[in-house]
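Undergrad: Contents of final_12.cif (mmCIF, N, CA and C atoms) are below:
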data_structure
#
loop_
_atom_site.label_atom_id
_atom_site.label_comp_id
_atom_site.auth_asym_id
_atom_site.auth_seq_id
_atom_site.Cartn_x
_atom_site.Cartn_y
_atom_site.Cartn_z
N MET Q 1 -46.64 -35.11 50.60
CA MET Q 1 -45.60 -36.08 50.88
C MET Q 1 -45.26 -36.87 49.62
N THR Q 2 -46.27 -37.15 48.83
CA THR Q 2 -46.06 -37.90 47.60
C THR Q 2 -45.14 -37.12 46.65
N VAL Q 3 -45.28 -35.82 46.63
CA VAL Q 3 -44.45 -34.99 45.77
C VAL Q 3 -42.98 -35.10 46.19
N ALA Q 4 -42.73 -35.19 47.47
CA ALA Q 4 -41.36 -35.32 47.98
C ALA Q 4 -40.76 -36.65 47.52
N TYR Q 5 -41.56 -37.73 47.61
CA TYR Q 5 -41.07 -39.03 47.16
C TYR Q 5 -40.78 -39.04 45.66
N VAL Q 6 -41.62 -38.39 44.90
CA VAL Q 6 -41.42 -38.32 43.45
C VAL Q 6 -40.15 -37.51 43.16
N ALA Q 7 -39.95 -36.43 43.88
CA ALA Q 7 -38.76 -35.61 43.67
C ALA Q 7 -37.50 -36.39 44.04
N ILE Q 8 -37.53 -37.11 45.14
CA ILE Q 8 -36.38 -37.93 45.54
C ILE Q 8 -36.12 -39.03 44.51
N ALA Q 9 -37.18 -39.65 44.01
CA ALA Q 9 -37.03 -40.69 42.99
C ALA Q 9 -36.42 -40.11 41.71
N CYS Q 10 -36.82 -38.90 41.34
CA CYS Q 10 -36.25 -38.25 40.14
C CYS Q 10 -34.77 -37.95 40.34
N ILE Q 11 -34.42 -37.49 41.51
CA ILE Q 11 -33.01 -37.18 41.80
C ILE Q 11 -32.17 -38.46 41.77
N VAL Q 12 -32.68 -39.54 42.37
CA VAL Q 12 -31.96 -40.81 42.37
C VAL Q 12 -31.83 -41.35 40.94
N ALA Q 13 -32.91 -41.27 40.16
CA ALA Q 13 -32.86 -41.75 38.77
C ALA Q 13 -31.86 -40.93 37.96
N TYR Q 14 -31.83 -39.62 38.14
CA TYR Q 14 -30.89 -38.76 37.44
C TYR Q 14 -29.45 -39.10 37.83
N GLY Q 15 -29.21 -39.35 39.11
CA GLY Q 15 -27.89 -39.75 39.60
C GLY Q 15 -27.45 -41.07 38.98
N LEU Q 16 -28.36 -42.03 38.90
CA LEU Q 16 -28.04 -43.31 38.28
C LEU Q 16 -27.74 -43.15 36.78
N LEU Q 17 -28.46 -42.27 36.12
CA LEU Q 17 -28.22 -42.00 34.71
C LEU Q 17 -26.82 -41.43 34.49
N ILE Q 18 -26.45 -40.47 35.34
CA ILE Q 18 -25.11 -39.88 35.24
C ILE Q 18 -24.05 -40.94 35.52
N LEU Q 19 -24.28 -41.77 36.52
CA LEU Q 19 -23.35 -42.84 36.86
C LEU Q 19 -23.21 -43.83 35.69
N PHE Q 20 -24.32 -44.19 35.07
CA PHE Q 20 -24.30 -45.11 33.94
C PHE Q 20 -23.50 -44.52 32.77
N ARG Q 21 -23.67 -43.24 32.50
CA ARG Q 21 -22.93 -42.59 31.42
C ARG Q 21 -21.43 -42.55 31.72
N GLN Q 22 -21.08 -42.32 32.97
CA GLN Q 22 -19.67 -42.31 33.35
C GLN Q 22 -19.04 -43.70 33.16
N VAL Q 23 -19.78 -44.74 33.53
CA VAL Q 23 -19.29 -46.10 33.35
C VAL Q 23 -19.11 -46.40 31.87
N GLN Q 24 -20.05 -45.97 31.04
CA GLN Q 24 -19.92 -46.18 29.59
C GLN Q 24 -18.69 -45.45 29.04
N ALA Q 25 -18.48 -44.23 29.48
CA ALA Q 25 -17.33 -43.46 29.01
C ALA Q 25 -16.02 -44.12 29.43
N LEU Q 26 -15.95 -44.59 30.67
CA LEU Q 26 -14.75 -45.25 31.15
C LEU Q 26 -14.50 -46.57 30.41
N THR Q 27 -15.56 -47.31 30.15
CA THR Q 27 -15.42 -48.56 29.41
C THR Q 27 -14.91 -48.31 28.00
N ALA Q 28 -15.43 -47.29 27.35
CA ALA Q 28 -14.97 -46.94 26.00
C ALA Q 28 -13.50 -46.53 26.03
N ARG Q 29 -13.12 -45.78 27.04
CA ARG Q 29 -11.72 -45.33 27.15
C ARG Q 29 -10.79 -46.52 27.39
N VAL Q 30 -11.19 -47.46 28.25
CA VAL Q 30 -10.38 -48.64 28.51
C VAL Q 30 -10.22 -49.48 27.24
N THR Q 31 -11.29 -49.63 26.50
CA THR Q 31 -11.24 -50.38 25.25
C THR Q 31 -10.28 -49.71 24.26
N GLN Q 32 -10.36 -48.39 24.16
CA GLN Q 32 -9.47 -47.65 23.26
C GLN Q 32 -8.01 -47.81 23.69
N LEU Q 33 -7.75 -47.71 24.98
CA LEU Q 33 -6.37 -47.85 25.47
C LEU Q 33 -5.83 -49.26 25.24
N GLU Q 34 -6.67 -50.29 25.41
CA GLU Q 34 -6.24 -51.66 25.15
C GLU Q 34 -5.90 -51.85 23.67
N HIS Q 35 -6.70 -51.24 22.80
CA HIS Q 35 -6.44 -51.33 21.36
C HIS Q 35 -5.11 -50.64 21.02
N GLU Q 36 -4.87 -49.46 21.58
CA GLU Q 36 -3.61 -48.76 21.35
C GLU Q 36 -2.43 -49.55 21.91
N LYS Q 37 -2.64 -50.21 23.05
CA LYS Q 37 -1.58 -51.02 23.65
C LYS Q 37 -1.22 -52.17 22.73
N ARG Q 38 -2.21 -52.85 22.17
CA ARG Q 38 -1.94 -53.95 21.25
C ARG Q 38 -1.19 -53.47 20.02
N GLU Q 39 -1.59 -52.31 19.49
CA GLU Q 39 -0.90 -51.74 18.33
C GLU Q 39 0.55 -51.42 18.67
N THR Q 40 0.77 -50.83 19.83
CA THR Q 40 2.12 -50.46 20.26
C THR Q 40 2.98 -51.71 20.46
N GLU Q 41 2.41 -52.75 21.08
CA GLU Q 41 3.16 -53.99 21.28
C GLU Q 41 3.54 -54.62 19.95
N ALA Q 42 2.61 -54.61 19.00
CA ALA Q 42 2.90 -55.18 17.67
C ALA Q 42 3.99 -54.37 16.97
N LEU Q 43 3.93 -53.06 17.09
CA LEU Q 43 4.96 -52.21 16.48
C LEU Q 43 6.31 -52.44 17.14
N LEU Q 44 6.31 -52.55 18.45
CA LEU Q 44 7.56 -52.80 19.18
C LEU Q 44 8.14 -54.16 18.82
N LEU Q 45 7.28 -55.16 18.70
CA LEU Q 45 7.76 -56.49 18.33
C LEU Q 45 8.37 -56.47 16.93
N SER Q 46 7.72 -55.81 15.99
CA SER Q 46 8.28 -55.75 14.64
C SER Q 46 9.61 -54.99 14.65
N PHE Q 47 9.71 -53.94 15.45
CA PHE Q 47 10.96 -53.20 15.56
C PHE Q 47 12.06 -54.08 16.16
N MET Q 48 11.71 -54.82 17.22
CA MET Q 48 12.70 -55.70 17.85
C MET Q 48 13.16 -56.78 16.88
N GLU Q 49 12.24 -57.34 16.11
CA GLU Q 49 12.62 -58.36 15.14
C GLU Q 49 13.51 -57.78 14.04
N SER Q 50 13.18 -56.58 13.57
CA SER Q 50 14.00 -55.98 12.53
C SER Q 50 15.39 -55.65 13.06
N MET Q 51 15.47 -55.17 14.30
CA MET Q 51 16.78 -54.88 14.88
C MET Q 51 17.55 -56.17 15.12
N ASN Q 52 16.85 -57.24 15.47
CA ASN Q 52 17.50 -58.53 15.65
C ASN Q 52 18.09 -59.00 14.33
N ASP Q 53 17.34 -58.81 13.25
CA ASP Q 53 17.84 -59.19 11.92
C ASP Q 53 19.05 -58.34 11.54
N VAL Q 54 19.01 -57.05 11.85
CA VAL Q 54 20.11 -56.16 11.51
C VAL Q 54 21.37 -56.56 12.28
N VAL Q 55 21.20 -56.90 13.55
CA VAL Q 55 22.36 -57.27 14.36
C VAL Q 55 22.92 -58.61 13.92
N LYS Q 56 22.05 -59.56 13.61
CA LYS Q 56 22.52 -60.89 13.23
C LYS Q 56 23.07 -60.94 11.82
N GLN Q 57 22.47 -60.19 10.91
CA GLN Q 57 22.90 -60.21 9.51
C GLN Q 57 23.22 -58.80 9.06
N PRO Q 58 24.46 -58.35 9.26
CA PRO Q 58 24.80 -57.00 8.83
C PRO Q 58 24.66 -56.88 7.32
N SER Q 59 24.23 -55.73 6.89
CA SER Q 59 24.00 -55.54 5.46
C SER Q 59 25.32 -55.55 4.70
N SER Q 60 25.22 -55.86 3.41
CA SER Q 60 26.42 -55.94 2.58
C SER Q 60 27.10 -54.59 2.46
N LEU Q 61 26.32 -53.51 2.52
CA LEU Q 61 26.91 -52.18 2.44
C LEU Q 61 27.84 -51.92 3.61
N ILE Q 62 27.41 -52.29 4.80
CA ILE Q 62 28.25 -52.10 5.98
C ILE Q 62 29.50 -52.97 5.87
N GLU Q 63 29.35 -54.19 5.37
CA GLU Q 63 30.51 -55.06 5.21
C GLU Q 63 31.50 -54.49 4.20
N GLU Q 64 30.99 -53.93 3.11
CA GLU Q 64 31.87 -53.35 2.11
C GLU Q 64 32.63 -52.15 2.67
N ILE Q 65 31.94 -51.33 3.44
CA ILE Q 65 32.59 -50.17 4.05
C ILE Q 65 33.66 -50.63 5.03
N ASP Q 66 33.34 -51.65 5.84
CA ASP Q 66 34.31 -52.16 6.79
C ASP Q 66 35.54 -52.73 6.08
N LYS Q 67 35.32 -53.45 5.00
CA LYS Q 67 36.44 -54.02 4.26
C LYS Q 67 37.30 -52.92 3.64
N ALA Q 68 36.67 -51.88 3.14
CA ALA Q 68 37.42 -50.80 2.51
C ALA Q 68 38.22 -50.00 3.53
N GLN Q 69 37.68 -49.80 4.72
CA GLN Q 69 38.35 -48.97 5.73
C GLN Q 69 39.40 -49.73 6.52
N ALA Q 70 39.15 -51.01 6.78
CA ALA Q 70 40.05 -51.76 7.66
C ALA Q 70 41.06 -52.54 6.83
N VAL Q 71 42.33 -52.22 7.04
CA VAL Q 71 43.39 -52.97 6.39
C VAL Q 71 43.63 -54.26 7.17
N HIS Q 72 43.65 -54.13 8.45
CA HIS Q 72 43.71 -55.32 9.31
C HIS Q 72 42.71 -55.14 10.44
N VAL Q 73 42.21 -56.24 10.92
CA VAL Q 73 41.19 -56.22 11.96
C VAL Q 73 41.84 -56.64 13.27
N GLU Q 74 41.54 -55.87 14.31
CA GLU Q 74 42.07 -56.20 15.62
C GLU Q 74 41.36 -57.44 16.16
N PRO Q 75 41.99 -58.21 17.04
CA PRO Q 75 41.38 -59.43 17.57
C PRO Q 75 40.06 -59.18 18.30
N ASP Q 76 39.94 -58.05 19.00
CA ASP Q 76 38.70 -57.75 19.71
C ASP Q 76 37.53 -57.62 18.75
N GLN Q 77 37.75 -56.99 17.62
CA GLN Q 77 36.69 -56.83 16.64
C GLN Q 77 36.31 -58.17 16.02
N GLU Q 78 37.28 -59.06 15.83
CA GLU Q 78 36.98 -60.39 15.31
C GLU Q 78 36.12 -61.17 16.29
N ASP Q 79 36.47 -61.09 17.59
CA ASP Q 79 35.69 -61.79 18.60
C ASP Q 79 34.26 -61.26 18.63
N LEU Q 80 34.11 -59.95 18.52
CA LEU Q 80 32.78 -59.35 18.54
C LEU Q 80 31.96 -59.80 17.34
N ALA Q 81 32.58 -59.88 16.18
CA ALA Q 81 31.87 -60.34 14.99
C ALA Q 81 31.47 -61.80 15.14
N ASP Q 82 32.33 -62.63 15.74
CA ASP Q 82 32.00 -64.04 15.95
C ASP Q 82 30.83 -64.19 16.92
N GLU Q 83 30.79 -63.35 17.96
CA GLU Q 83 29.70 -63.42 18.94
C GLU Q 83 28.37 -63.08 18.30
N THR Q 84 28.34 -62.07 17.43
CA THR Q 84 27.07 -61.71 16.81
C THR Q 84 26.62 -62.78 15.82
N GLN Q 85 27.56 -63.47 15.19
CA GLN Q 85 27.20 -64.51 14.24
C GLN Q 85 26.68 -65.75 14.96
N SER Q 86 27.28 -66.09 16.13
CA SER Q 86 26.91 -67.31 16.82
C SER Q 86 25.89 -67.09 17.94
N ALA Q 87 25.34 -65.89 18.09
CA ALA Q 87 24.39 -65.61 19.15
C ALA Q 87 23.10 -66.40 18.93
N PRO Q 88 22.62 -67.11 19.97
CA PRO Q 88 21.39 -67.89 19.81
C PRO Q 88 20.18 -66.97 19.70
N HIS Q 89 19.17 -67.45 19.05
CA HIS Q 89 17.94 -66.68 18.87
C HIS Q 89 17.13 -66.71 20.17
N VAL Q 90 16.40 -65.66 20.42
CA VAL Q 90 15.63 -65.53 21.67
C VAL Q 90 14.66 -66.69 21.83
N GLU Q 91 13.97 -67.07 20.76
CA GLU Q 91 12.98 -68.15 20.86
C GLU Q 91 13.63 -69.47 21.26
N ASP Q 92 14.80 -69.75 20.71
CA ASP Q 92 15.48 -71.00 21.04
C ASP Q 92 15.85 -71.06 22.52
N VAL Q 93 16.34 -69.96 23.05
CA VAL Q 93 16.73 -69.93 24.45
C VAL Q 93 15.50 -69.97 25.35
N LEU Q 94 14.40 -69.31 24.93
CA LEU Q 94 13.18 -69.31 25.73
C LEU Q 94 12.56 -70.70 25.86
N LEU Q 95 12.80 -71.55 24.88
CA LEU Q 95 12.26 -72.91 24.95
C LEU Q 95 12.86 -73.70 26.10
N HIS Q 96 14.08 -73.37 26.48
CA HIS Q 96 14.79 -74.15 27.49
C HIS Q 96 15.01 -73.42 28.82
N HIS Q 97 14.75 -72.12 28.86
CA HIS Q 97 15.03 -71.34 30.07
C HIS Q 97 13.87 -70.42 30.39
N SER Q 98 13.89 -69.89 31.61
CA SER Q 98 12.88 -68.90 32.00
C SER Q 98 13.23 -67.55 31.38
N VAL Q 99 12.30 -66.60 31.53
CA VAL Q 99 12.52 -65.27 30.96
C VAL Q 99 13.74 -64.61 31.60
N ARG Q 100 13.87 -64.73 32.91
CA ARG Q 100 15.00 -64.10 33.61
C ARG Q 100 16.33 -64.71 33.16
N GLU Q 101 16.37 -66.05 33.07
CA GLU Q 101 17.60 -66.70 32.64
C GLU Q 101 17.92 -66.36 31.18
N THR Q 102 16.89 -66.29 30.34
CA THR Q 102 17.10 -65.94 28.93
C THR Q 102 17.68 -64.54 28.82
N ALA Q 103 17.12 -63.59 29.58
CA ALA Q 103 17.63 -62.22 29.54
C ALA Q 103 19.09 -62.18 29.99
N ARG Q 104 19.40 -62.94 31.02
CA ARG Q 104 20.79 -62.97 31.51
C ARG Q 104 21.71 -63.60 30.49
N LEU Q 105 21.29 -64.71 29.89
CA LEU Q 105 22.15 -65.41 28.92
C LEU Q 105 22.40 -64.59 27.66
N LEU Q 106 21.37 -63.87 27.21
CA LEU Q 106 21.50 -63.11 25.97
C LEU Q 106 21.97 -61.68 26.19
N GLY Q 107 22.04 -61.27 27.45
CA GLY Q 107 22.49 -59.91 27.74
C GLY Q 107 21.45 -58.87 27.36
N LYS Q 108 20.18 -59.24 27.44
CA LYS Q 108 19.10 -58.31 27.12
C LYS Q 108 18.33 -58.00 28.39
N GLY Q 109 17.45 -57.01 28.31
CA GLY Q 109 16.63 -56.66 29.45
C GLY Q 109 15.51 -57.66 29.67
N GLU Q 110 15.14 -57.87 30.95
CA GLU Q 110 14.06 -58.81 31.25
C GLU Q 110 12.75 -58.36 30.64
N GLY Q 111 12.49 -57.07 30.63
CA GLY Q 111 11.26 -56.55 30.06
C GLY Q 111 11.16 -56.83 28.58
N GLU Q 112 12.28 -56.66 27.89
CA GLU Q 112 12.30 -56.92 26.44
C GLU Q 112 12.01 -58.38 26.15
N VAL Q 113 12.66 -59.28 26.92
CA VAL Q 113 12.46 -60.72 26.70
C VAL Q 113 11.05 -61.13 27.11
N ALA Q 114 10.55 -60.54 28.20
CA ALA Q 114 9.19 -60.87 28.64
C ALA Q 114 8.16 -60.42 27.61
N LEU Q 115 8.36 -59.25 27.05
CA LEU Q 115 7.44 -58.76 26.01
C LEU Q 115 7.51 -59.66 24.79
N TYR Q 116 8.71 -60.04 24.42
CA TYR Q 116 8.88 -60.93 23.26
C TYR Q 116 8.18 -62.26 23.52
N ALA Q 117 8.35 -62.80 24.72
CA ALA Q 117 7.73 -64.09 25.05
C ALA Q 117 6.22 -63.96 25.09
N LYS Q 118 5.72 -62.85 25.63
CA LYS Q 118 4.27 -62.66 25.70
C LYS Q 118 3.66 -62.56 24.32
N LEU Q 119 4.30 -61.80 23.45
CA LEU Q 119 3.75 -61.62 22.12
C LEU Q 119 3.91 -62.88 21.26
N ARG Q 120 4.88 -63.70 21.58
CA ARG Q 120 5.06 -64.95 20.86
C ARG Q 120 4.30 -66.10 21.53
N LYS Q 121 3.64 -65.82 22.66
CA LYS Q 121 2.83 -66.79 23.41
C LYS Q 121 3.65 -68.00 23.84
N LYS Q 122 4.83 -67.75 24.37
CA LYS Q 122 5.71 -68.84 24.84
C LYS Q 122 5.55 -68.99 26.33
#
For this file, write the structure as structure tokens.
TA:
Amino acid sequence: MTVAYVAIACIVAYGLLILFRQVQALTARVTQLEHEKRETEALLLSFMESMNDVVKQPSSLIEEIDKAQAVHVEPDQEDLADETQSAPHVEDVLLHHSVRETARLLGKGEGEVALYAKLRKK
């Protein structure tokens, strides 16, 4: 009978060992995924900021090409250029409004504004 108890104890111990290794593997995987997520969020934030800079401050090359090609500018294009120049910055709007209202006011997606706010800790 003692041999049976020892065998059952060995089986239980082996099962716990396998379970412990699985938990370690899952924990390592979760840690790796969180690290990749942080890297991706940082990359996305830098991309969003660079695109924000491009939209707000068109490069001189683009301006030169536009001046060379356009003899006269239609009123719609002037209005569009004025809107991009006077568009408020996301951080300024977030200080006074919620994420949903900011997205609506700026014409951006809620997810984009929420990610921006999360990464900026607002």
Undergrad: Between CA of Gly109 in chain Q and CA of Ser50 in chain Q, measure the distance and give it in Å to one decimal.
TA: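 CA of Gly109 in chain Q sits 17.1 Å away from CA of Ser50 in chain Q.
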Undergrad: Rounded to one decimal place, report the CA of Leu33 in chain Q-CA of Val113 in chain Q distance in Å.
TA: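 Straight-line distance from CA of Leu33 in chain Q to CA of Val113 in chain Q works out to 22.8 Å.
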Undergrad: Between CA of Lys118 in chain Q and CA of Val90 in chain Q, measure the distance and give it in Å to one decimal.
TA: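 That distance, rounded to one decimal, is 12.4 Å.
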Undergrad: Care to translate the PyMOL selection byres (((chain Q and resi 93-95 and name CA) around 10) and name CA) into actual residues of this file, as a list in words?
TA: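 Applied to this file, the PyMOL selection byres (((chain Q and resi 93-95 and name CA) around 10) and name CA) returns Pro88, His89, Val90, Glu91, Asp92, His96, His97, Ser98, Val99, Arg100, Glu101, Thr102, Ala103, Leu105, Leu106, Val113, Ala114, Tyr116, Ala117 and Lys122 of chain Q.
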Undergrad: Complete the atoms of range 20-41 of chain Q to N, CA, C and O atoms and put them out as a compact mmCIF listing (two decimals), in the frame of the given file.
TA:
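What ended up in rebuild_23.txt:
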# COMPACT_ATOMS: atom_id res chain seq x y z
N PHE Q 20 -24.32 -44.19 35.07
CA PHE Q 20 -24.30 -45.11 33.94
C PHE Q 20 -23.50 -44.52 32.77
O PHE Q 20 -22.72 -45.21 32.13
N ARG Q 21 -23.67 -43.24 32.50
CA ARG Q 21 -22.93 -42.59 31.42
C ARG Q 21 -21.43 -42.55 31.72
O ARG Q 21 -20.61 -42.71 30.82
N GLN Q 22 -21.08 -42.32 32.97
CA GLN Q 22 -19.67 -42.31 33.35
C GLN Q 22 -19.04 -43.70 33.16
O GLN Q 22 -17.92 -43.82 32.67
N VAL Q 23 -19.78 -44.74 33.53
CA VAL Q 23 -19.29 -46.10 33.35
C VAL Q 23 -19.11 -46.40 31.87
O VAL Q 23 -18.11 -47.01 31.47
N GLN Q 24 -20.05 -45.97 31.04
CA GLN Q 24 -19.92 -46.18 29.59
C GLN Q 24 -18.69 -45.45 29.04
O GLN Q 24 -17.95 -46.00 28.23
N ALA Q 25 -18.48 -44.23 29.48
CA ALA Q 25 -17.33 -43.46 29.01
C ALA Q 25 -16.02 -44.12 29.43
O ALA Q 25 -15.07 -44.21 28.63
N LEU Q 26 -15.95 -44.59 30.67
CA LEU Q 26 -14.75 -45.25 31.15
C LEU Q 26 -14.50 -46.57 30.41
O LEU Q 26 -13.36 -46.90 30.07
N THR Q 27 -15.56 -47.31 30.15
CA THR Q 27 -15.42 -48.56 29.41
C THR Q 27 -14.91 -48.31 28.00
O THR Q 27 -14.03 -49.03 27.50
N ALA Q 28 -15.43 -47.29 27.35
CA ALA Q 28 -14.97 -46.94 26.00
C ALA Q 28 -13.50 -46.53 26.03
O ALA Q 28 -12.72 -46.91 25.15
N ARG Q 29 -13.12 -45.78 27.04
CA ARG Q 29 -11.72 -45.33 27.15
C ARG Q 29 -10.79 -46.52 27.39
O ARG Q 29 -9.70 -46.60 26.80
N VAL Q 30 -11.19 -47.46 28.25
CA VAL Q 30 -10.38 -48.64 28.51
C VAL Q 30 -10.22 -49.48 27.24
O VAL Q 30 -9.13 -49.95 26.92
N THR Q 31 -11.29 -49.63 26.50
CA THR Q 31 -11.24 -50.38 25.25
C THR Q 31 -10.28 -49.71 24.26
O THR Q 31 -9.48 -50.38 23.60
N GLN Q 32 -10.36 -48.39 24.16
CA GLN Q 32 -9.47 -47.65 23.26
C GLN Q 32 -8.01 -47.81 23.69
O GLN Q 32 -7.13 -48.03 22.85
N LEU Q 33 -7.75 -47.71 24.98
CA LEU Q 33 -6.37 -47.85 25.47
C LEU Q 33 -5.83 -49.26 25.24
O LEU Q 33 -4.66 -49.44 24.90
N GLU Q 34 -6.67 -50.29 25.41
CA GLU Q 34 -6.24 -51.66 25.15
C GLU Q 34 -5.90 -51.85 23.67
O GLU Q 34 -4.93 -52.53 23.33
N HIS Q 35 -6.70 -51.24 22.80
CA HIS Q 35 -6.44 -51.33 21.36
C HIS Q 35 -5.11 -50.64 21.02
O HIS Q 35 -4.30 -51.19 20.27
N GLU Q 36 -4.87 -49.46 21.58
CA GLU Q 36 -3.61 -48.76 21.35
C GLU Q 36 -2.43 -49.55 21.91
O GLU Q 36 -1.35 -49.57 21.31
N LYS Q 37 -2.64 -50.21 23.05
CA LYS Q 37 -1.58 -51.02 23.65
C LYS Q 37 -1.22 -52.17 22.73
O LYS Q 37 -0.03 -52.46 22.52
N ARG Q 38 -2.21 -52.85 22.17
CA ARG Q 38 -1.94 -53.95 21.25
C ARG Q 38 -1.19 -53.47 20.02
O ARG Q 38 -0.25 -54.12 19.56
N GLU Q 39 -1.59 -52.31 19.49
CA GLU Q 39 -0.90 -51.74 18.33
C GLU Q 39 0.55 -51.42 18.67
O GLU Q 39 1.47 -51.70 17.89
N THR Q 40 0.77 -50.83 19.83
CA THR Q 40 2.12 -50.46 20.26
C THR Q 40 2.98 -51.71 20.46
O THR Q 40 4.15 -51.73 20.07
N GLU Q 41 2.41 -52.75 21.08
CA GLU Q 41 3.16 -53.99 21.28
C GLU Q 41 3.54 -54.62 19.95
O GLU Q 41 4.65 -55.11 19.77
